[in-house]
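Visitor: To be precise about what I am sending: the file is called run-v4.txt and holds compact mmCIF, C-alpha atoms.
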# COMPACT_ATOMS: atom_id res chain seq x y z
CA MET A 1 0.00 0.00 0.00
CA SER A 2 1.35 3.43 -0.95
CA GLU A 3 2.05 5.93 1.84
CA ASN A 4 -0.27 8.28 -0.06
CA CYS A 5 -3.13 5.77 -0.21
CA THR A 6 -6.59 7.33 0.03
CA HIS A 7 -8.27 3.93 0.53
CA ASP A 8 -10.44 4.64 -2.52
CA CYS A 9 -9.57 1.67 -4.71
CA SER A 10 -11.89 2.82 -7.51
CA SER A 11 -9.45 5.62 -8.39
CA CYS A 12 -6.30 3.53 -8.15
CA GLY A 13 -4.64 1.03 -10.48
CA GLU A 14 -2.35 -0.54 -7.89
CA ASN A 15 -2.86 -4.19 -7.07
CA CYS A 16 -1.79 -3.96 -3.43
CA SER A 17 -2.50 -6.26 -0.52
CA SER A 18 -4.96 -3.83 1.06
CA ARG A 19 -7.56 -4.54 -1.62
CA THR A 20 -10.33 -6.90 -0.62
CA GLN A 21 -12.08 -9.21 -3.08
CA GLU A 22 -15.12 -6.97 -2.89
CA GLN A 23 -13.06 -3.87 -3.57
CA THR A 24 -11.34 -5.27 -6.68
CA SER A 25 -14.54 -5.74 -8.66
CA PHE A 26 -15.81 -2.52 -10.21
CA LEU A 27 -17.33 -4.13 -13.29
CA GLU A 28 -20.25 -2.16 -14.66
CA PRO A 29 -23.12 -4.53 -15.52
CA LEU A 30 -24.60 -4.53 -18.99
CA HIS A 31 -28.29 -3.85 -19.35
CA PRO A 32 -30.22 -7.16 -19.31
CA ALA A 33 -31.32 -6.52 -22.91
CA SER A 34 -27.70 -6.27 -24.10
CA SER A 35 -25.22 -9.03 -24.90
CA VAL A 36 -21.47 -8.68 -25.53
CA LYS A 37 -19.30 -11.80 -25.70
CA LYS A 38 -15.75 -10.42 -26.10
CA VAL A 39 -14.29 -6.98 -25.38
CA ILE A 40 -11.00 -5.92 -26.99
CA GLY A 41 -9.27 -2.69 -25.99
CA ILE A 42 -7.13 -0.81 -28.52
CA VAL A 43 -4.58 1.26 -26.59
CA SER A 44 -1.50 3.40 -27.11
CA GLY A 45 1.01 5.06 -24.84
CA LYS A 46 0.83 8.30 -26.84
CA GLY A 47 -1.47 10.03 -29.29
CA GLY A 48 -1.22 10.26 -33.06
CA VAL A 49 -0.14 6.68 -33.75
CA GLY A 50 -3.31 5.50 -35.53
CA LYS A 51 -5.16 3.77 -32.72
CA SER A 52 -8.59 4.69 -34.09
CA LEU A 53 -7.60 3.49 -37.56
CA VAL A 54 -6.55 0.10 -36.17
CA THR A 55 -9.80 -0.08 -34.17
CA ALA A 56 -11.86 0.60 -37.29
CA MET A 57 -9.90 -1.85 -39.44
CA LEU A 58 -10.21 -4.65 -36.86
CA ALA A 59 -13.95 -4.09 -36.54
CA VAL A 60 -14.32 -4.21 -40.33
CA ALA A 61 -12.23 -7.39 -40.53
CA MET A 62 -14.28 -9.20 -37.89
CA ASN A 63 -17.53 -7.98 -39.44
CA ARG A 64 -16.46 -9.53 -42.75
CA LYS A 65 -16.08 -12.85 -40.96
CA GLN A 66 -19.81 -12.70 -40.23
CA LYS A 67 -19.29 -11.72 -36.59
CA ARG A 68 -21.59 -9.20 -34.95
CA THR A 69 -19.23 -6.35 -34.27
CA ALA A 70 -19.37 -3.10 -32.30
CA ILE A 71 -17.12 -0.14 -31.49
CA LEU A 72 -17.32 1.75 -28.21
CA ASP A 73 -15.45 4.99 -28.83
CA ALA A 74 -13.98 5.78 -25.42
CA ASP A 75 -11.86 8.63 -26.79
CA ILE A 76 -14.52 11.08 -25.61
CA THR A 77 -12.66 14.34 -26.26
CA GLY A 78 -11.10 13.27 -29.56
CA PRO A 79 -13.55 10.89 -31.23
CA SER A 80 -12.71 9.98 -34.83
CA ILE A 81 -14.51 6.68 -35.34
CA PRO A 82 -17.73 8.25 -36.73
CA LYS A 83 -15.72 10.15 -39.37
CA ALA A 84 -14.00 6.98 -40.58
CA PHE A 85 -17.36 5.29 -41.13
CA GLY A 86 -19.16 8.31 -42.57
CA LEU A 87 -21.47 8.71 -39.57
CA ASP A 88 -20.93 12.44 -38.98
CA GLU A 89 -24.53 13.32 -39.75
CA GLU A 90 -26.04 10.47 -37.73
CA MET A 91 -27.40 10.94 -34.23
CA VAL A 92 -27.90 8.47 -31.40
CA ARG A 93 -31.56 7.71 -30.71
CA MET A 94 -33.30 6.24 -27.69
CA THR A 95 -35.27 3.01 -27.43
CA SER A 96 -39.06 3.38 -27.53
CA ASP A 97 -39.27 3.43 -23.73
CA GLY A 98 -36.45 5.98 -23.47
CA ALA A 99 -34.40 3.68 -21.24
CA LEU A 100 -31.43 2.97 -23.51
CA MET A 101 -29.41 4.61 -26.25
CA MET A 102 -29.40 2.93 -29.66
CA PRO A 103 -25.96 2.61 -31.28
CA VAL A 104 -25.65 3.92 -34.82
CA ARG A 105 -25.02 1.26 -37.47
CA THR A 106 -22.46 1.61 -40.23
CA MET A 107 -23.07 0.71 -43.86
CA ASN A 108 -22.29 -2.96 -43.15
CA GLY A 109 -23.94 -3.17 -39.75
CA ILE A 110 -21.17 -2.42 -37.26
CA GLN A 111 -22.74 -0.91 -34.14
CA VAL A 112 -21.04 2.33 -33.00
CA MET A 113 -21.39 4.52 -29.92
CA SER A 114 -19.35 7.72 -29.80
CA ALA A 115 -19.54 11.13 -28.18
CA ASN A 116 -19.61 12.74 -31.63
CA LEU A 117 -22.91 10.98 -32.33
CA LEU A 118 -24.47 12.87 -29.42
CA LEU A 119 -23.40 16.34 -30.54
CA ASP A 120 -25.33 18.74 -32.74
CA HIS A 121 -22.15 19.40 -34.71
CA SER A 122 -19.17 17.07 -35.03
CA THR A 123 -16.81 20.01 -34.46
CA ASP A 124 -18.34 20.91 -31.09
CA PRO A 125 -15.70 20.41 -28.36
CA VAL A 126 -16.32 18.14 -25.40
CA ILE A 127 -15.05 20.24 -22.49
CA TRP A 128 -15.47 17.87 -19.57
CA ARG A 129 -13.33 16.98 -16.58
CA GLY A 130 -11.91 13.49 -16.11
CA PRO A 131 -14.61 12.02 -13.82
CA VAL A 132 -17.38 13.15 -16.20
CA ILE A 133 -15.58 11.61 -19.18
CA ALA A 134 -15.10 8.35 -17.27
CA GLY A 135 -18.80 8.39 -16.38
CA ALA A 136 -19.71 8.78 -20.05
CA VAL A 137 -17.71 5.67 -20.93
CA LYS A 138 -19.62 3.69 -18.31
CA GLN A 139 -22.89 4.98 -19.76
CA PHE A 140 -21.86 3.98 -23.27
CA TRP A 141 -21.33 0.45 -21.94
CA ALA A 142 -24.27 0.06 -19.56
CA GLU A 143 -26.92 2.32 -21.04
CA THR A 144 -26.65 1.37 -24.71
CA LEU A 145 -28.60 -1.45 -26.34
CA TRP A 146 -25.81 -3.72 -27.59
CA LYS A 147 -27.62 -6.48 -29.47
CA ASP A 148 -25.91 -9.89 -29.63
CA ILE A 149 -22.36 -8.57 -30.05
CA ASP A 150 -19.64 -11.15 -30.69
CA TYR A 151 -16.73 -8.69 -30.57
CA MET A 152 -16.69 -5.17 -29.16
CA PHE A 153 -13.65 -3.00 -29.85
CA VAL A 154 -12.98 -0.15 -27.42
CA ASP A 155 -11.05 2.75 -28.92
CA MET A 156 -9.31 4.23 -25.89
CA PRO A 157 -7.66 7.63 -25.49
CA PRO A 158 -3.86 7.59 -25.35
CA GLY A 159 -1.92 7.27 -22.14
CA THR A 160 -2.68 5.74 -18.76
CA GLY A 161 -5.14 8.20 -17.27
CA ASP A 162 -8.74 8.21 -16.05
CA VAL A 163 -10.46 6.69 -19.07
CA PRO A 164 -8.13 3.71 -19.66
CA LEU A 165 -8.34 3.00 -15.93
CA THR A 166 -12.14 3.20 -16.07
CA VAL A 167 -12.31 0.87 -19.06
CA PHE A 168 -10.00 -1.70 -17.46
CA GLN A 169 -11.94 -1.64 -14.19
CA SER A 170 -15.50 -1.24 -15.46
CA LEU A 171 -15.59 -3.36 -18.61
CA PRO A 172 -14.80 -7.09 -18.83
CA VAL A 173 -11.82 -6.59 -21.15
CA ASP A 174 -10.66 -9.91 -22.64
CA GLY A 175 -7.47 -8.52 -24.12
CA ILE A 176 -5.76 -5.44 -25.50
CA ILE A 177 -3.81 -4.61 -28.63
CA ILE A 178 -1.16 -1.90 -28.33
CA VAL A 179 -0.63 0.48 -31.26
CA ALA A 180 2.76 2.15 -31.72
CA SER A 181 4.82 3.92 -34.38
CA PRO A 182 8.42 3.34 -35.56
CA GLN A 183 10.21 5.89 -33.41
CA GLU A 184 13.17 5.74 -31.05
CA LEU A 185 10.99 6.21 -27.97
CA VAL A 186 8.69 3.31 -28.87
CA SER A 187 10.23 1.07 -26.18
CA MET A 188 9.19 3.46 -23.44
CA ILE A 189 5.72 4.03 -24.92
CA VAL A 190 5.00 0.32 -25.33
CA ALA A 191 6.37 -0.41 -21.86
CA LYS A 192 3.97 2.08 -20.28
CA ALA A 193 0.96 0.43 -21.93
CA VAL A 194 2.21 -3.06 -21.10
CA ASN A 195 2.90 -2.22 -17.46
CA MET A 196 -0.55 -0.68 -16.98
CA ALA A 197 -2.21 -3.76 -18.48
CA LYS A 198 -0.16 -6.03 -16.24
CA LYS A 199 -1.07 -4.02 -13.14
CA MET A 200 -4.75 -4.35 -14.10
CA ASP A 201 -4.34 -8.06 -14.96
CA ILE A 202 -5.47 -7.53 -18.57
CA PRO A 203 -4.17 -9.98 -21.23
CA ILE A 204 -1.98 -8.40 -23.93
CA LEU A 205 -2.58 -9.88 -27.38
CA GLY A 206 0.28 -8.06 -29.06
CA VAL A 207 1.40 -4.83 -30.70
CA VAL A 208 0.62 -3.27 -34.08
CA GLU A 209 3.07 -0.84 -35.64
CA ASN A 210 1.40 1.84 -37.75
CA MET A 211 3.17 4.03 -40.33
CA SER A 212 5.84 1.35 -40.50
CA TYR A 213 6.96 2.00 -44.07
CA LEU A 214 6.00 3.49 -47.42
CA ILE A 215 5.93 1.64 -50.74
CA CYS A 216 7.52 3.72 -53.48
CA PRO A 217 4.91 4.11 -56.24
CA ASP A 218 7.62 3.83 -58.92
CA CYS A 219 10.13 1.17 -57.84
CA LYS A 220 7.90 -0.56 -55.23
CA LYS A 221 10.73 -0.47 -52.71
CA LYS A 222 9.91 -0.24 -48.99
CA ILE A 223 11.02 3.08 -47.54
CA SER A 224 11.29 3.54 -43.77
CA ILE A 225 10.60 7.26 -43.71
CA PHE A 226 10.73 7.45 -39.90
CA GLY A 227 13.99 5.56 -39.78
CA GLU A 228 14.68 2.02 -38.67
CA SER A 229 11.82 0.40 -36.80
CA HIS A 230 12.36 -0.52 -33.14
CA ILE A 231 9.08 -2.35 -32.65
CA ASP A 232 10.50 -5.88 -32.78
CA GLN A 233 13.04 -5.07 -30.09
CA ALA A 234 10.43 -3.34 -27.93
CA ALA A 235 7.99 -6.24 -28.29
CA ASN A 236 10.70 -8.79 -27.54
CA GLU A 237 11.67 -6.91 -24.38
CA GLN A 238 8.07 -7.13 -23.18
CA GLY A 239 7.52 -10.73 -24.33
CA ILE A 240 4.64 -9.87 -26.67
CA PRO A 241 4.21 -10.58 -30.40
CA VAL A 242 4.20 -8.05 -33.23
CA LEU A 243 0.84 -8.65 -34.89
CA ALA A 244 1.18 -6.32 -37.87
CA LYS A 245 3.22 -3.57 -39.49
CA LEU A 246 0.93 -1.19 -41.35
CA PRO A 247 2.28 0.93 -44.21
CA ILE A 248 1.65 4.59 -44.92
CA ASP A 249 -0.84 4.35 -47.76
CA PRO A 250 -2.58 7.39 -49.30
CA LYS A 251 -5.64 5.31 -50.16
CA VAL A 252 -6.23 4.62 -46.45
CA ALA A 253 -6.26 8.33 -45.66
CA GLU A 254 -8.58 8.90 -48.61
CA LEU A 255 -11.03 6.24 -47.43
CA VAL A 256 -11.00 7.48 -43.82
CA ASP A 257 -11.49 11.10 -44.87
CA GLY A 258 -14.36 10.00 -47.10
CA GLY A 259 -16.01 7.90 -44.39
CA LYS A 260 -15.46 4.73 -46.39
CA ILE A 261 -13.09 2.66 -44.25
CA GLU A 262 -15.34 -0.35 -44.87
CA TYR A 263 -14.19 -0.33 -48.51
CA LEU A 264 -10.58 -1.07 -47.53
CA GLN A 265 -9.66 -4.58 -48.70
CA GLU A 266 -6.11 -5.07 -47.36
CA ASP A 267 -5.35 -8.03 -45.06
CA TRP A 268 -2.58 -6.34 -43.07
CA LEU A 269 -4.22 -7.26 -39.75
CA GLN A 270 -4.83 -10.95 -40.38
CA ASP A 271 -2.51 -12.04 -37.53
CA ALA A 272 -4.22 -9.62 -35.16
CA VAL A 273 -7.62 -11.01 -36.17
CA LYS A 274 -6.32 -14.54 -35.56
CA ALA A 275 -5.07 -13.55 -32.09
CA ILE A 276 -8.50 -12.13 -31.25
CA GLU A 277 -10.28 -15.24 -32.46
CA GLU A 278 -8.04 -17.42 -30.29
CA ILE A 279 -9.03 -15.69 -27.05
Write out the structure in this file as structure tokens.
Guide:
Amino acid sequence: MSENCTHDCSSCGENCSSRTQEQTSFLEPLHPASSVKKVIGIVSGKGGVGKSLVTAMLAVAMNRKQKRTAILDADITGPSIPKAFGLDEEMVRMTSDGALMMPVRTMNGIQVMSANLLLDHSTDPVIWRGPVIAGAVKQFWAETLWKDIDYMFVDMPPGTGDVPLTVFQSLPVDGIIIVASPQELVSMIVAKAVNMAKKMDIPILGVVENMSYLICPDCKKKISIFGESHIDQAANEQGIPVLAKLPIDPKVAELVDGGKIEYLQEDWLQDAVKAIEEI
């Protein structure tokens, strides 16, 4: 137990001996009308590495395998999932009795809940303090009608703050995938995400490196524009597999900007999909 312990285990990620069995369970129950079989968190130690892109691509890949798929966008202040699926003009509606929120469905039926779907304008800022943001994530989980979901992907904000802690404690997370980029500090960034997951006793499925390389349109040679990748070394140090190395591809940016991520046909994440299926 830390000398600065407040004895409020709900705000702490430490797994110390002072916790009781009753204290360690903060799982938020689903509504009885909802059903979610597996929950996969997509995390990163820092922002701007493509976590939301990986979340969207994994959801699309599982949906193509005839699995009922959902995305809970827990990046409340920086939600980008609706944009990738072309849902900017959609709005969350309530069930007929007004008891639950109805997730918005994408073109191919992926169920999505995001803060941007609750706003009048997608550019409206969400200016909330940490506890309110964490409460919104719990509401997205417990007060949304998730119908017969096989795989739910949770797009988490970067870092190890309030919202990741809330997700790990409040949702029955079956595993996480860490997203990183090919930079010198990747070892530290990956280690932070790994250590948080270990403290919270969350299984780590592996790491995905985004912006790994660029294919020259003329000679087809791989170009490492951010320098030599360090992801294999970082993953080896943590004892986790590298599930994918995603290239920088202009067509991906074009599809995301156009809200057409479901049109992407690449199989870059096939090993990540396999790891999820093996849970």
Visitor: Please, which residues in stretch 84-126 of chain A fall within 6 Å of stretch 245-262 of chain A when counting all atoms listed in the file, and what is the closest atom pair and distance in Å to one decimal for each, ordered by chain then residue number, as a tab-separated table?
Guide:
residue	atom	partner	partner_atom	distance
A:Ala84	CA	A:Gly259	CA	4.4
A:Phe85	CA	A:Gly259	CA	4.4
A:Gly86	CA	A:Gly259	CA	3.7
Visitor: What separation in Å, quoted to one decimal, exists between atom CA of A:Tyr151 and atom CA of A:Val39?
Guide: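 Here the two named atoms are 6.0 Å from each other.
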Visitor: List every residue of stretch 25-143 of chain A that has an atom at most 7 Å from any atom of stretch 170-174 of chain A, and for each one report the closest atom pair and its distance in Å to one decimal, counting all atoms listed in the file, with rows sorted by chain and then by increasing residue number, as JSON lines.
Guide:
{"residue": "A:Phe26", "atom": "CA", "partner": "A:Ser170", "partner_atom": "CA", "distance": 5.4}
{"residue": "A:Leu27", "atom": "CA", "partner": "A:Ser170", "partner_atom": "CA", "distance": 4.1}
{"residue": "A:Glu28", "atom": "CA", "partner": "A:Ser170", "partner_atom": "CA", "distance": 4.9}
{"residue": "A:Lys38", "atom": "CA", "partner": "A:Asp174", "partner_atom": "CA", "distance": 6.2}
{"residue": "A:Val39", "atom": "CA", "partner": "A:Val173", "partner_atom": "CA", "distance": 4.9}
{"residue": "A:Ile40", "atom": "CA", "partner": "A:Asp174", "partner_atom": "CA", "distance": 5.9}
{"residue": "A:Gly41", "atom": "CA", "partner": "A:Val173", "partner_atom": "CA", "distance": 6.7}
Visitor: To one decimal place, how far is atom CA of A:Ile149 from atom CA of A:Met57 in Å?
Guide: 17.0 Å
Visitor: Given only C-alpha atoms as the basis, pick out the residue of A:Asp232, A:Glu237, A:Glu143, A:Asp218 nearest to A:Met94.
Guide: A:Glu143
Visitor: Taking (-10.1, -12.6, -27.6) in the coordinates of the supplied file, I want to know which residues reach to within 6 Å of it, counting all atoms listed in the file; could you give the answer as a list of chain:residue names?
Guide: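 Protein and nucleic acid residues near the point are A:Asp174, A:Gly175, A:Ile276, A:Glu277, A:Glu278, A:Ile279.
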Visitor: Next, dump the selected residues to file, keeping only C-alpha atoms, as a PDB file, keeping the file's coordinate frame.
Guide:
ATOM      1  CA  ASP A 174     -10.660  -9.910 -22.640  1.00  0.00           C
ATOM      2  CA  GLY A 175      -7.470  -8.520 -24.120  1.00  0.00           C
ATOM      3  CA  ILE A 276      -8.500 -12.130 -31.250  1.00  0.00           C
ATOM      4  CA  GLU A 277     -10.280 -15.240 -32.460  1.00  0.00           C
ATOM      5  CA  GLU A 278      -8.040 -17.420 -30.290  1.00  0.00           C
ATOM      6  CA  ILE A 279      -9.030 -15.690 -27.050  1.00  0.00           C
TER       7      ILE A 279
END
Visitor: So the first atom is atom CA of A:Pro241 and the second is atom CA of A:Leu205; what is the distance between them in Å, to one decimal place?
Guide: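 Atom CA of A:Pro241 sits 7.5 Å away from atom CA of A:Leu205.
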Visitor: Report as a PyMOL selection string all protein, DNA and RNA residues lying within 10 Å of A:Lys222, evaluated on all atoms listed in the file, omitting residues in the same chain fewer than 3 positions from it.
Guide: chain A and resi 212-217+219+225+247
Visitor: If we count all atoms listed in the file, what is near A:Leu243 at a cut-off of 10 Å, once residues fewer than 4 positions away on the same chain are taken out, given as a ChimeraX atom specification?
Guide: /A:177-179,205-209,268-275
Visitor: Using only C-alpha atoms, can you tell me which of A:Leu87, A:Val54, A:Val186, A:Ala134 comes closest to A:Pro164?
Guide: A:Ala134
Visitor: Do you know which residues are at most 8 Å from stretch 117-119 of chain A counting only C-alpha atoms, after dropping those on the same chain fewer than 4 positions away, and could you put them as a compact mmCIF listing (two decimals) with C-alpha atoms, in the coordinates of the input?
Guide:
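The result, stored in result00.txt:
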# COMPACT_ATOMS: atom_id res chain seq x y z
CA PRO A 82 -17.73 8.25 -36.73
CA LEU A 87 -21.47 8.71 -39.57
CA ASP A 88 -20.93 12.44 -38.98
CA GLU A 89 -24.53 13.32 -39.75
CA GLU A 90 -26.04 10.47 -37.73
CA MET A 91 -27.40 10.94 -34.23
CA VAL A 92 -27.90 8.47 -31.40
CA VAL A 104 -25.65 3.92 -34.82
CA MET A 113 -21.39 4.52 -29.92
CA ASP A 124 -18.34 20.91 -31.09
Visitor: Just give me the residues with any atom within 12 Å of (-1.8, 1.0, -28.2), file coordinates, counting all atoms listed in the file, written as JSON, numbers by chain.
Guide: {"A": [40, 41, 42, 43, 44, 45, 46, 47, 48, 49, 50, 51, 52, 53, 54, 55, 154, 155, 156, 157, 158, 159, 160, 164, 175, 176, 177, 178, 179, 180, 181, 186, 189, 190, 191, 192, 193, 194, 196, 197, 204, 205, 206, 207, 208, 209, 210, 242]}
Visitor: Measuring atom to atom with all atoms listed in the file, identify which of A:His31, A:His121, A:Lys138, A:Lys147 is nearest to A:Ala70.
Guide: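 Closest to A:Ala70 of all the choices is A:Lys147.
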Visitor: Please determine, counting only C-alpha atoms, which residue among A:Ala235, A:Ile240, A:Ser80, A:Tyr263 has the shortest atom-to-atom distance to A:Asn108.
Guide: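 Distance minimum relative to A:Asn108 lands on A:Tyr263.
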Visitor: With 5 Å added on each side, what axis-aligned box encloses every listed atom of stretch 217-221 of chain A? Give the centre and edge lengths in Å to one decimal, as lines of an AutoDock Vina configuration file.
Guide:
center_x = 7.8
center_y = 1.8
center_z = -55.8
size_x = 15.8
size_y = 14.7
size_z = 16.2
